>>> print(open('entry_39.pdb').read())   # PDB, C-alpha atoms
ATOM      1  CA  MET A   9       1.244 -25.789  16.961
ATOM      2  CA  ARG A  10      -0.910 -23.281  15.075
ATOM      3  CA  THR A  11      -3.487 -21.367  17.068
ATOM      4  CA  THR A  12      -6.955 -20.744  15.670
ATOM      5  CA  THR A  13      -7.832 -17.380  14.159
ATOM      6  CA  ALA A  14     -10.223 -16.666  17.022
ATOM      7  CA  SER A  15      -7.540 -17.452  19.602
ATOM      8  CA  ARG A  16      -4.994 -15.228  17.910
ATOM      9  CA  ARG A  17      -7.449 -12.353  17.797
ATOM     10  CA  LEU A  18      -8.395 -12.750  21.454
ATOM     11  CA  LEU A  19      -4.777 -12.847  22.598
ATOM     12  CA  ALA A  20      -3.777  -9.924  20.409
ATOM     13  CA  ALA A  21      -6.746  -7.797  21.469
ATOM     14  CA  THR A  22      -5.806  -8.369  25.111
ATOM     15  CA  ALA A  23      -2.246  -7.264  24.363
ATOM     16  CA  LEU A  24      -3.537  -4.121  22.665
ATOM     17  CA  LEU A  25      -5.150  -2.627  25.782
ATOM     18  CA  PRO A  26      -1.992  -1.806  27.796
ATOM     19  CA  LEU A  27      -0.327  -0.422  24.688
ATOM     20  CA  LEU A  28      -3.165   2.022  24.156
ATOM     21  CA  ALA A  29      -2.935   3.025  27.800
ATOM     22  CA  LEU A  30       0.739   3.801  27.334
ATOM     23  CA  ALA A  31      -0.103   5.883  24.288
ATOM     24  CA  ALA A  32      -2.161   8.184  26.472
ATOM     25  CA  CYS A  33       0.725   8.713  28.888
ATOM     26  CA  GLY A  34       3.394   9.976  26.551
ATOM     27  CA  SER A  35       5.531   9.411  23.512
ATOM     28  CA  ASP A  36       6.874   5.887  23.041
ATOM     29  CA  PRO A  37       8.261   4.783  19.669
ATOM     30  CA  GLU A  38       6.950   1.264  20.227
ATOM     31  CA  ILE A  39       3.311   2.170  20.827
ATOM     32  CA  ALA A  40       2.663   3.114  17.217
ATOM     33  CA  GLY A  41       2.231  -0.563  16.500
ATOM     34  CA  ALA A  42      -0.638  -0.703  18.945
ATOM     35  CA  THR A  43      -3.125   0.183  16.247
ATOM     36  CA  GLY A  44      -2.397  -3.071  14.485
ATOM     37  CA  ALA A  45      -1.657  -5.652  17.125
ATOM     38  CA  SER A  46      -4.494  -7.990  16.279
ATOM     39  CA  GLY A  47      -6.368  -9.596  13.403
ATOM     40  CA  PRO A  48      -4.316 -10.264  10.256
ATOM     41  CA  ALA A  49      -1.368  -8.226  11.540
ATOM     42  CA  ALA A  50      -0.823 -10.693  14.371
ATOM     43  CA  ALA A  51      -0.136 -13.404  11.770
ATOM     44  CA  THR A  52       3.039 -15.413  12.238
ATOM     45  CA  GLU A  53       2.928 -17.448   9.033
ATOM     46  CA  ASP A  54       6.308 -17.513   7.294
ATOM     47  CA  VAL A  55       5.780 -17.022   3.566
ATOM     48  CA  VAL A  56       9.276 -15.766   2.772
ATOM     49  CA  SER A  57      12.091 -17.994   4.074
ATOM     50  CA  GLY A  58      11.554 -20.754   1.503
ATOM     51  CA  LEU A  59      12.034 -18.467  -1.498
ATOM     52  CA  SER A  60      14.924 -19.055  -3.890
ATOM     53  CA  ARG A  61      17.161 -16.652  -5.757
ATOM     54  CA  SER A  62      16.118 -15.799  -9.314
ATOM     55  CA  GLU A  63      19.213 -15.646 -11.484
ATOM     56  CA  ALA A  64      17.358 -13.634 -14.131
ATOM     57  CA  ALA A  65      16.284 -10.962 -11.652
ATOM     58  CA  ALA A  66      19.635 -10.906  -9.817
ATOM     59  CA  ALA A  67      21.450 -10.396 -13.130
ATOM     60  CA  LEU A  68      19.773  -6.991 -13.394
ATOM     61  CA  LEU A  69      21.533  -5.724 -10.256
ATOM     62  CA  PRO A  70      24.564  -3.443 -10.656
ATOM     63  CA  GLU A  71      27.778  -5.471 -10.486
ATOM     64  CA  GLU A  72      28.957  -3.837  -7.268
ATOM     65  CA  VAL A  73      25.701  -4.786  -5.528
ATOM     66  CA  ARG A  74      25.909  -8.388  -6.708
ATOM     67  CA  GLU A  75      29.453  -8.559  -5.331
ATOM     68  CA  SER A  76      28.659  -7.021  -1.937
ATOM     69  CA  GLY A  77      25.327  -8.795  -1.601
ATOM     70  CA  VAL A  78      24.049  -6.190   0.870
ATOM     71  CA  LEU A  79      21.649  -3.245   0.615
ATOM     72  CA  THR A  80      20.772  -0.714   3.311
ATOM     73  CA  PHE A  81      17.056  -0.088   3.757
ATOM     74  CA  GLY A  82      15.759   2.976   5.545
ATOM     75  CA  SER A  83      12.519   1.737   7.109
ATOM     76  CA  SER A  84       9.700   3.556   8.858
ATOM     77  CA  VAL A  85       8.343   1.246  11.569
ATOM     78  CA  GLY A  86       5.230   2.005  13.568
ATOM     79  CA  ALA A  87       2.134   1.773  11.376
ATOM     80  CA  ALA A  88       0.188  -1.462  11.073
ATOM     81  CA  PRO A  89      -0.238  -3.330   8.839
ATOM     82  CA  SER A  90       2.752  -1.849   6.960
ATOM     83  CA  ALA A  91       5.535  -2.195   9.548
ATOM     84  CA  PHE A  92       5.185  -2.323  13.322
ATOM     85  CA  TYR A  93       6.301  -4.083  16.503
ATOM     86  CA  ALA A  94       3.923  -6.899  17.428
ATOM     87  CA  ASP A  95       6.240  -7.991  20.250
ATOM     88  CA  ARG A  96       7.683  -5.188  22.376
ATOM     89  CA  THR A  97      10.303  -7.463  23.925
ATOM     90  CA  THR A  98      12.065  -8.582  20.743
ATOM     91  CA  LYS A  99      11.548  -5.319  18.817
ATOM     92  CA  LYS A 100      11.498  -7.336  15.609
ATOM     93  CA  PRO A 101       9.383  -5.468  13.049
ATOM     94  CA  VAL A 102       6.631  -7.270  11.165
ATOM     95  CA  GLY A 103       4.145  -6.231   8.516
ATOM     96  CA  VAL A 104       3.480  -6.272   4.802
ATOM     97  CA  ASP A 105       6.419  -3.922   4.063
ATOM     98  CA  ILE A 106       8.750  -6.186   6.026
ATOM     99  CA  ASP A 107       7.577  -9.309   4.197
ATOM    100  CA  PHE A 108       7.875  -7.706   0.760
ATOM    101  CA  THR A 109      11.334  -6.362   1.566
ATOM    102  CA  ASP A 110      12.555  -9.752   2.756
ATOM    103  CA  ALA A 111      10.901 -11.562  -0.164
ATOM    104  CA  VAL A 112      12.499  -9.295  -2.782
ATOM    105  CA  ALA A 113      15.872  -9.691  -1.063
ATOM    106  CA  LYS A 114      15.509 -13.481  -1.229
ATOM    107  CA  VAL A 115      14.692 -13.375  -4.940
ATOM    108  CA  LEU A 116      17.684 -11.121  -5.603
ATOM    109  CA  GLY A 117      20.043 -13.038  -3.326
ATOM    110  CA  LEU A 118      20.665 -10.021  -1.101
ATOM    111  CA  THR A 119      21.074  -9.417   2.607
ATOM    112  CA  VAL A 120      18.881  -6.680   4.090
ATOM    113  CA  ARG A 121      20.579  -4.180   6.386
ATOM    114  CA  ARG A 122      17.492  -2.527   7.897
ATOM    115  CA  GLU A 123      17.849   0.804   9.686
ATOM    116  CA  GLU A 124      14.783   2.282  11.348
ATOM    117  CA  ALA A 125      14.258   5.957  10.600
ATOM    118  CA  ALA A 126      11.542   8.577  10.992
ATOM    119  CA  PHE A 127       9.201   8.551   8.003
ATOM    120  CA  GLU A 128       9.913  12.156   7.017
ATOM    121  CA  THR A 129      13.701  11.622   6.969
ATOM    122  CA  ILE A 130      13.893   8.619   4.647
ATOM    123  CA  LEU A 131      13.341  10.134   1.202
ATOM    124  CA  PRO A 132      15.900  12.948   1.711
ATOM    125  CA  ALA A 133      18.395  10.345   2.971
ATOM    126  CA  LEU A 134      18.137   8.426  -0.309
ATOM    127  CA  ASP A 135      19.583  11.365  -2.211
ATOM    128  CA  SER A 136      22.472  11.675   0.253
ATOM    129  CA  GLY A 137      23.291   7.987  -0.140
ATOM    130  CA  LYS A 138      22.626   7.071   3.485
ATOM    131  CA  PHE A 139      20.087   4.464   2.346
ATOM    132  CA  ASP A 140      19.918   2.443  -0.862
ATOM    133  CA  VAL A 141      16.179   1.822  -0.582
ATOM    134  CA  GLY A 142      13.357   3.365   1.435
ATOM    135  CA  THR A 143      10.249   1.645   2.774
ATOM    136  CA  GLY A 144       7.385   3.222   4.675
ATOM    137  CA  ASN A 145       4.224   2.777   2.613
ATOM    138  CA  PHE A 146       5.464   5.582   0.344
ATOM    139  CA  GLY A 147       2.768   6.653  -2.078
ATOM    140  CA  VAL A 148       3.715   7.550  -5.649
ATOM    141  CA  THR A 149       2.885  11.218  -6.195
ATOM    142  CA  THR A 150       3.727  13.710  -8.910
ATOM    143  CA  ALA A 151       5.728  15.815  -6.448
ATOM    144  CA  ARG A 152       7.809  12.876  -5.213
ATOM    145  CA  LEU A 153       8.518  11.651  -8.743
ATOM    146  CA  LYS A 154      10.580  14.783  -9.334
ATOM    147  CA  THR A 155      13.303  13.516  -6.986
ATOM    148  CA  ILE A 156      12.462   9.861  -6.246
ATOM    149  CA  ASP A 157      12.050   6.689  -8.314
ATOM    150  CA  PHE A 158       9.630   3.997  -7.220
ATOM    151  CA  VAL A 159       9.091   0.307  -7.835
ATOM    152  CA  THR A 160       5.451  -0.400  -7.036
ATOM    153  CA  TYR A 161       4.256  -3.398  -5.045
ATOM    154  CA  ILE A 162       0.828  -2.507  -3.591
ATOM    155  CA  ASP A 163      -2.115  -0.143  -3.998
ATOM    156  CA  ASP A 164      -3.199   1.954  -1.021
ATOM    157  CA  GLY A 165      -3.908   5.657  -0.676
ATOM    158  CA  GLN A 166      -5.519   8.381   1.416
ATOM    159  CA  GLY A 167      -8.508   7.956   3.692
ATOM    160  CA  PHE A 168     -10.246   9.366   6.766
ATOM    161  CA  ALA A 169     -11.328   8.028  10.161
ATOM    162  CA  VAL A 170     -13.184   9.435  13.167
ATOM    163  CA  LYS A 171     -14.013   8.280  16.688
ATOM    164  CA  LYS A 172     -16.527   5.460  16.570
ATOM    165  CA  ASP A 173     -19.201   7.517  18.341
ATOM    166  CA  ASN A 174     -18.800  10.513  16.012
ATOM    167  CA  THR A 175     -21.768  10.408  13.669
ATOM    168  CA  ALA A 176     -21.714  14.106  12.731
ATOM    169  CA  ILE A 177     -18.854  13.845  10.232
ATOM    170  CA  GLN A 178     -19.859  12.236   6.957
ATOM    171  CA  PRO A 179     -17.590  10.679   4.280
ATOM    172  CA  ILE A 180     -15.205  13.293   2.888
ATOM    173  CA  THR A 181     -15.519  13.778  -0.861
ATOM    174  CA  ASP A 182     -14.425  17.424  -0.908
ATOM    175  CA  LEU A 183     -11.949  19.152   1.414
ATOM    176  CA  THR A 184     -14.413  21.973   2.091
ATOM    177  CA  GLN A 185     -16.211  19.447   4.329
ATOM    178  CA  LEU A 186     -13.208  19.767   6.671
ATOM    179  CA  CYS A 187     -13.600  23.531   7.149
ATOM    180  CA  GLY A 188     -13.593  24.480  10.830
ATOM    181  CA  LEU A 189     -12.277  21.072  11.904
ATOM    182  CA  THR A 190      -8.899  19.954  13.246
ATOM    183  CA  ILE A 191      -7.325  17.184  11.179
ATOM    184  CA  GLY A 192      -4.592  14.939  12.558
ATOM    185  CA  THR A 193      -2.127  13.288  10.202
ATOM    186  CA  GLY A 194       1.431  11.985   9.930
ATOM    187  CA  ALA A 195       4.395  14.344   9.618
ATOM    188  CA  GLY A 196       6.057  14.370   6.199
ATOM    189  CA  THR A 197       3.263  12.373   4.552
ATOM    190  CA  THR A 198       1.246  12.892   1.372
ATOM    191  CA  PHE A 199      -1.692  13.592   3.682
ATOM    192  CA  GLU A 200       0.047  16.554   5.289
ATOM    193  CA  THR A 201       1.076  17.840   1.863
ATOM    194  CA  THR A 202      -2.454  17.504   0.486
ATOM    195  CA  LEU A 203      -4.048  19.236   3.455
ATOM    196  CA  ASN A 204      -1.556  22.105   3.654
ATOM    197  CA  GLY A 205      -1.620  22.604  -0.109
ATOM    198  CA  LYS A 206      -5.400  22.994  -0.182
ATOM    199  CA  LYS A 207      -5.985  25.170   2.894
ATOM    200  CA  GLY A 208      -7.296  27.989   0.731
ATOM    201  CA  VAL A 209     -10.439  26.063  -0.237
ATOM    202  CA  CYS A 210     -12.158  27.102   2.980
ATOM    203  CA  THR A 211     -11.481  30.831   2.770
ATOM    204  CA  ASP A 212     -12.402  30.727  -0.931
ATOM    205  CA  ALA A 213     -15.728  29.213   0.106
ATOM    206  CA  GLY A 214     -16.203  31.830   2.835
ATOM    207  CA  LYS A 215     -15.724  29.270   5.603
ATOM    208  CA  LYS A 216     -13.462  28.940   8.628
ATOM    209  CA  PRO A 217     -10.136  27.286   7.667
ATOM    210  CA  TYR A 218      -9.349  23.831   8.953
ATOM    211  CA  GLU A 219      -6.339  23.225  11.202
ATOM    212  CA  VAL A 220      -3.718  20.571  10.488
ATOM    213  CA  LYS A 221      -1.842  18.843  13.318
ATOM    214  CA  ALA A 222       1.038  16.633  12.185
ATOM    215  CA  PHE A 223       2.292  13.791  14.409
ATOM    216  CA  SER A 224       5.586  11.935  14.070
ATOM    217  CA  GLU A 225       4.194   8.797  15.735
ATOM    218  CA  GLY A 226       1.085   6.821  14.894
ATOM    219  CA  GLY A 227       0.342   6.165  18.555
ATOM    220  CA  ALA A 228       0.299   9.890  19.330
ATOM    221  CA  LEU A 229      -2.029  10.531  16.388
ATOM    222  CA  LEU A 230      -4.479   7.886  17.583
ATOM    223  CA  THR A 231      -4.368   9.285  21.113
ATOM    224  CA  GLY A 232      -5.080  12.769  19.773
ATOM    225  CA  LEU A 233      -8.194  11.457  18.055
ATOM    226  CA  GLN A 234      -9.321   9.462  21.093
ATOM    227  CA  GLN A 235      -8.890  12.459  23.406
ATOM    228  CA  GLY A 236     -10.679  14.863  21.072
ATOM    229  CA  ARG A 237      -7.641  17.015  20.285
ATOM    230  CA  VAL A 238      -8.279  16.298  16.619
ATOM    231  CA  ASP A 239     -11.707  15.813  15.021
ATOM    232  CA  ILE A 240     -10.692  13.561  12.163
ATOM    233  CA  GLU A 241      -7.670  11.491  11.136
ATOM    234  CA  MET A 242      -6.220  11.340   7.623
ATOM    235  CA  SER A 243      -3.906   8.429   6.912
ATOM    236  CA  THR A 244      -3.507   5.333   4.746
ATOM    237  CA  ILE A 245      -6.622   3.491   3.645
ATOM    238  CA  ASN A 246      -5.242   0.133   4.740
ATOM    239  CA  GLY A 247      -3.949   1.469   8.041
ATOM    240  CA  LEU A 248      -7.217   3.173   8.973
ATOM    241  CA  ARG A 249      -9.292   0.144   8.046
ATOM    242  CA  HIS A 250      -7.014  -2.049  10.111
ATOM    243  CA  GLN A 251      -7.135   0.365  13.042
ATOM    244  CA  ALA A 252     -10.947   0.495  12.956
ATOM    245  CA  ALA A 253     -11.039  -3.307  13.189
ATOM    246  CA  GLN A 254      -9.392  -3.113  16.633
ATOM    247  CA  GLU A 255     -12.181  -2.622  19.163
ATOM    248  CA  ALA A 256      -9.892  -0.948  21.695
ATOM    249  CA  ALA A 257      -8.921   1.746  19.191
ATOM    250  CA  GLY A 258     -12.480   3.076  19.158
ATOM    251  CA  THR A 259     -12.344   4.472  15.631
ATOM    252  CA  ARG A 260     -14.535   4.246  12.543
ATOM    253  CA  PHE A 261     -13.202   4.187   8.986
ATOM    254  CA  LEU A 262     -14.952   6.990   7.154
ATOM    255  CA  ASN A 263     -14.010   6.582   3.498
ATOM    256  CA  GLU A 264     -11.339   6.407   0.829
ATOM    257  CA  PHE A 265     -10.330   9.778  -0.574
ATOM    258  CA  HIS A 266      -7.563   9.195  -3.128
ATOM    259  CA  ARG A 267      -5.926   5.948  -4.250
ATOM    260  CA  LEU A 268      -2.135   5.802  -4.682
ATOM    261  CA  ASP A 269       0.370   3.212  -5.828
ATOM    262  CA  VAL A 270       2.891   2.379  -3.107
ATOM    263  CA  GLY A 271       6.470   1.407  -3.840
ATOM    264  CA  PHE A 272      10.040   0.869  -2.786
ATOM    265  CA  ALA A 273      11.709   4.291  -2.956
ATOM    266  CA  PHE A 274      15.079   5.015  -4.593
ATOM    267  CA  LYS A 275      17.286   7.952  -5.438
ATOM    268  CA  LYS A 276      16.279   9.362  -8.836
ATOM    269  CA  GLY A 277      18.042   7.433 -11.573
ATOM    270  CA  SER A 278      18.959   4.489  -9.338
ATOM    271  CA  LYS A 279      20.190   1.415 -11.221
ATOM    272  CA  LEU A 280      18.472  -0.830  -8.689
ATOM    273  CA  THR A 281      14.945  -0.328 -10.003
ATOM    274  CA  PRO A 282      14.916  -2.894 -12.886
ATOM    275  CA  ALA A 283      16.026  -5.694 -10.556
ATOM    276  CA  PHE A 284      13.450  -4.791  -7.915
ATOM    277  CA  GLN A 285      10.701  -4.625 -10.530
ATOM    278  CA  ALA A 286      11.693  -8.068 -11.829
ATOM    279  CA  ALA A 287      11.734  -9.446  -8.279
ATOM    280  CA  VAL A 288       8.236  -8.145  -7.453
ATOM    281  CA  ASN A 289       6.892  -9.515 -10.728
ATOM    282  CA  GLN A 290       8.491 -12.878  -9.931
ATOM    283  CA  LEU A 291       6.661 -12.874  -6.581
ATOM    284  CA  ILE A 292       3.402 -12.117  -8.387
ATOM    285  CA  LYS A 293       4.046 -14.933 -10.861
ATOM    286  CA  ASP A 294       4.906 -17.631  -8.297
ATOM    287  CA  GLY A 295       2.021 -16.800  -5.933
ATOM    288  CA  THR A 296       4.114 -15.480  -3.029
ATOM    289  CA  TYR A 297       2.752 -11.993  -3.634
ATOM    290  CA  ARG A 298      -0.842 -13.154  -3.118
ATOM    291  CA  ARG A 299       0.099 -15.105   0.017
ATOM    292  CA  ILE A 300       1.775 -12.064   1.581
ATOM    293  CA  LEU A 301      -1.256  -9.867   0.954
ATOM    294  CA  GLU A 302      -3.664 -12.502   2.280
ATOM    295  CA  LYS A 303      -1.522 -12.927   5.394
ATOM    296  CA  TRP A 304      -2.074  -9.264   6.242
ATOM    297  CA  GLY A 305      -5.687  -9.071   5.065
ATOM    298  CA  LEU A 306      -4.837  -6.860   2.088
ATOM    299  CA  ALA A 307      -5.937  -8.937  -0.910
ATOM    300  CA  ASP A 308      -7.914  -5.954  -2.254
ATOM    301  CA  SER A 309      -4.680  -3.945  -2.562
ATOM    302  CA  ALA A 310      -3.057  -6.224  -5.138
ATOM    303  CA  ILE A 311      -1.584  -4.789  -8.330
ATOM    304  CA  PRO A 312      -1.403  -6.810 -11.587
ATOM    305  CA  GLN A 313       2.276  -6.038 -12.140
ATOM    306  CA  SER A 314       5.046  -3.883 -10.726
ATOM    307  CA  GLN A 315       5.931  -0.637 -12.476
ATOM    308  CA  ILE A 316       8.854   1.758 -12.275
ATOM    309  CA  SER A 317       7.771   5.307 -11.396
ATOM    310  CA  PRO A 318       4.269   5.282 -12.890
ATOM    311  CA  PRO A 319       2.321   8.554 -12.926
ATOM    312  CA  GLU A 320       0.195   9.383  -9.909
ATOM    313  CA  HIS A 321      -3.364   8.068 -10.006
ATOM    314  CA  PRO A 322      -5.775  10.745 -11.284
TER     315      PRO A 322
END
>>> encode(input="entry_39.pdb", output="structure tokens")
Amino acid sequence: MRTTTASRRLLAATALLPLLALAACGSDPEIAGATGASGPAAATEDVVSGLSRSEAAAALLPEEVRESGVLTFGSSVGAAPSAFYADRTTKKPVGVDIDFTDAVAKVLGLTVRREEAAFETILPALDSGKFDVGTGNFGVTTARLKTIDFVTYIDDGQGFAVKKDNTAIQPITDLTQLCGLTIGTGAGTTFETTLNGKKGVCTDAGKKPYEVKAFSEGGALLTGLQQGRVDIEMSTINGLRHQAAQEAAGTRFLNEFHRLDVGFAFKKGSKLTPAFQAAVNQLIKDGTYRRILEKWGLADSAIPQSQISPPEHP
């Protein structure tokens, strides 16, 4: 029996409170999902299992992959609505990344061997061959394109959030507005790279430099913001908007800063990319793509078609 939207939100919001309490007590790899345990990310609708294999898309796979029928995915789990644990007892990840991974695998007739890994370790592990594919809301950047190929499936990017009662910090349109502040962000992310690469803007402007604190877990980052150890949070646009929608999180989405395509990540020159691109485009064509995005409240992040390693958004 399907519950109403209001009922799902009430139940999920209740579940969120103890998770946030745990976040304040220490480091727990499961608490990162706390920022997205209600609203669209609590959805249980199955939009994937009924999909059929596309012979045209599967034919683009390398022969050895078609024969084995298995690919190993290195997956970062912990940030809603991308990939997180809605149920701490089963530890079964859910999220838009999970649905897109499973949907593409269905279209290609593949079995997903999913291995959870820290976000910052996944891209290097592609080059070593540990993983065939990486997922973790990886944005397509000029720097990453030097060593990684991408197949795009969503549009997201960089944004900022503050505590809900912080009215002093205004939308960030220039990094000099961060001077003198402490910014919390995820370790190994485009956000950390952007912030560290531009630290000189404050001294050039004759202002006090900002400080960057990188966190390996989303729950720890949120706690740092809640406790005042960081003044502002830089993370994904979709993730911050979703977090701000959870009353218990106590945050306010400030603004978008830089849009980025997001894609499945592969070792540079991987022969898997044409098949994955065809699979995503098949999902767009048959309407599954739209249903996945609507399930997670991300209809505004749709792309018209999948691309292989497009240039970074200006």
>>> closest_residue(input="entry_39.pdb", among="A:Gln166, A:Gln185, A:Gly236, A:Val141", to="A:Arg249", atoms="all atoms listed in the file")
A:Gln166
>>> resolve_selection(input="entry_39.pdb", expression="the PyMOL selection byres ((chain A and resi 304) around 7)", output="JSON, numbers by chain")
{"A": [48, 49, 89, 104, 300, 301, 302, 303, 305, 306]}
>>> resolve_selection(input="entry_39.pdb", expression="the PyMOL selection byres ((chain A and resi 161) around 8)", output="PyMOL selection string")
chain A and resi 159-160+162-163+269-272+288+310-311+313-314
>>> residues_around(input="entry_39.pdb", residues="stretch 116-133 of chain A", least_positions_apart="2", cutoff="6 Å", atoms="all atoms listed in the file", output="list of chain:residue names")
A:Arg61, A:Ala66, A:Gly77, A:Val78, A:Leu79, A:Thr80, A:Phe81, A:Gly82, A:Ser83, A:Ser84, A:Ala113, A:Lys114, A:Asp135, A:Ser136, A:Lys138, A:Gly196
>>> atom_distance(input="entry_39.pdb", atom1="atom CA of A:Gly214", atom2="atom CA of A:Thr190")
17.4 Å
>>> atom_distance(input="entry_39.pdb", atom1="atom CA of A:Thr197", atom2="atom CA of A:Lys216")
23.9 Å
>>> atom_distance(input="entry_39.pdb", atom1="atom CA of A:Gly147", atom2="atom CA of A:Ala222")
17.5 Å
>>> resolve_selection(input="entry_39.pdb", expression="the PyMOL selection byres ((chain A and resi 242) around 9)", output="list in words")
Gln166, Gly167, Phe168, Ala169, Ile191, Gly192, Thr193, Gly194, Phe199, Glu200, Ile240, Glu241, Ser243, Thr244, Ile245 and Leu248 of chain A
>>> residues_near_point(input="entry_39.pdb", point="(10.1, 14.2, -12.7)", cutoff="12 Å", atoms="all atoms listed in the file", output="PyMOL selection string")
chain A and resi 148-158+275-277+317-320
>>> residues_around(input="entry_39.pdb", residues="stretch 204-213 of chain A", least_positions_apart="5", cutoff="9 Å", atoms="only C-alpha atoms", output="list in words")
Leu183, Thr184, Gln185, Leu186, Cys187, Gly188, Phe199, Tyr218, Glu219 and Val220 of chain A
>>> closest_residue(input="entry_39.pdb", among="A:Asn289, A:Thr175, A:Ser90, A:Thr52", to="A:Ala111", atoms="only C-alpha atoms")
A:Asn289
>>> closest_residue(input="entry_39.pdb", among="A:Pro101, A:Gly165, A:Gly247, A:Gly227", to="A:Val85", atoms="all atoms listed in the file")
A:Pro101
>>> closest_residue(input="entry_39.pdb", among="A:Val55, A:Ala91, A:Ala273, A:Leu203", to="A:Leu134", atoms="all atoms listed in the file")
A:Ala273
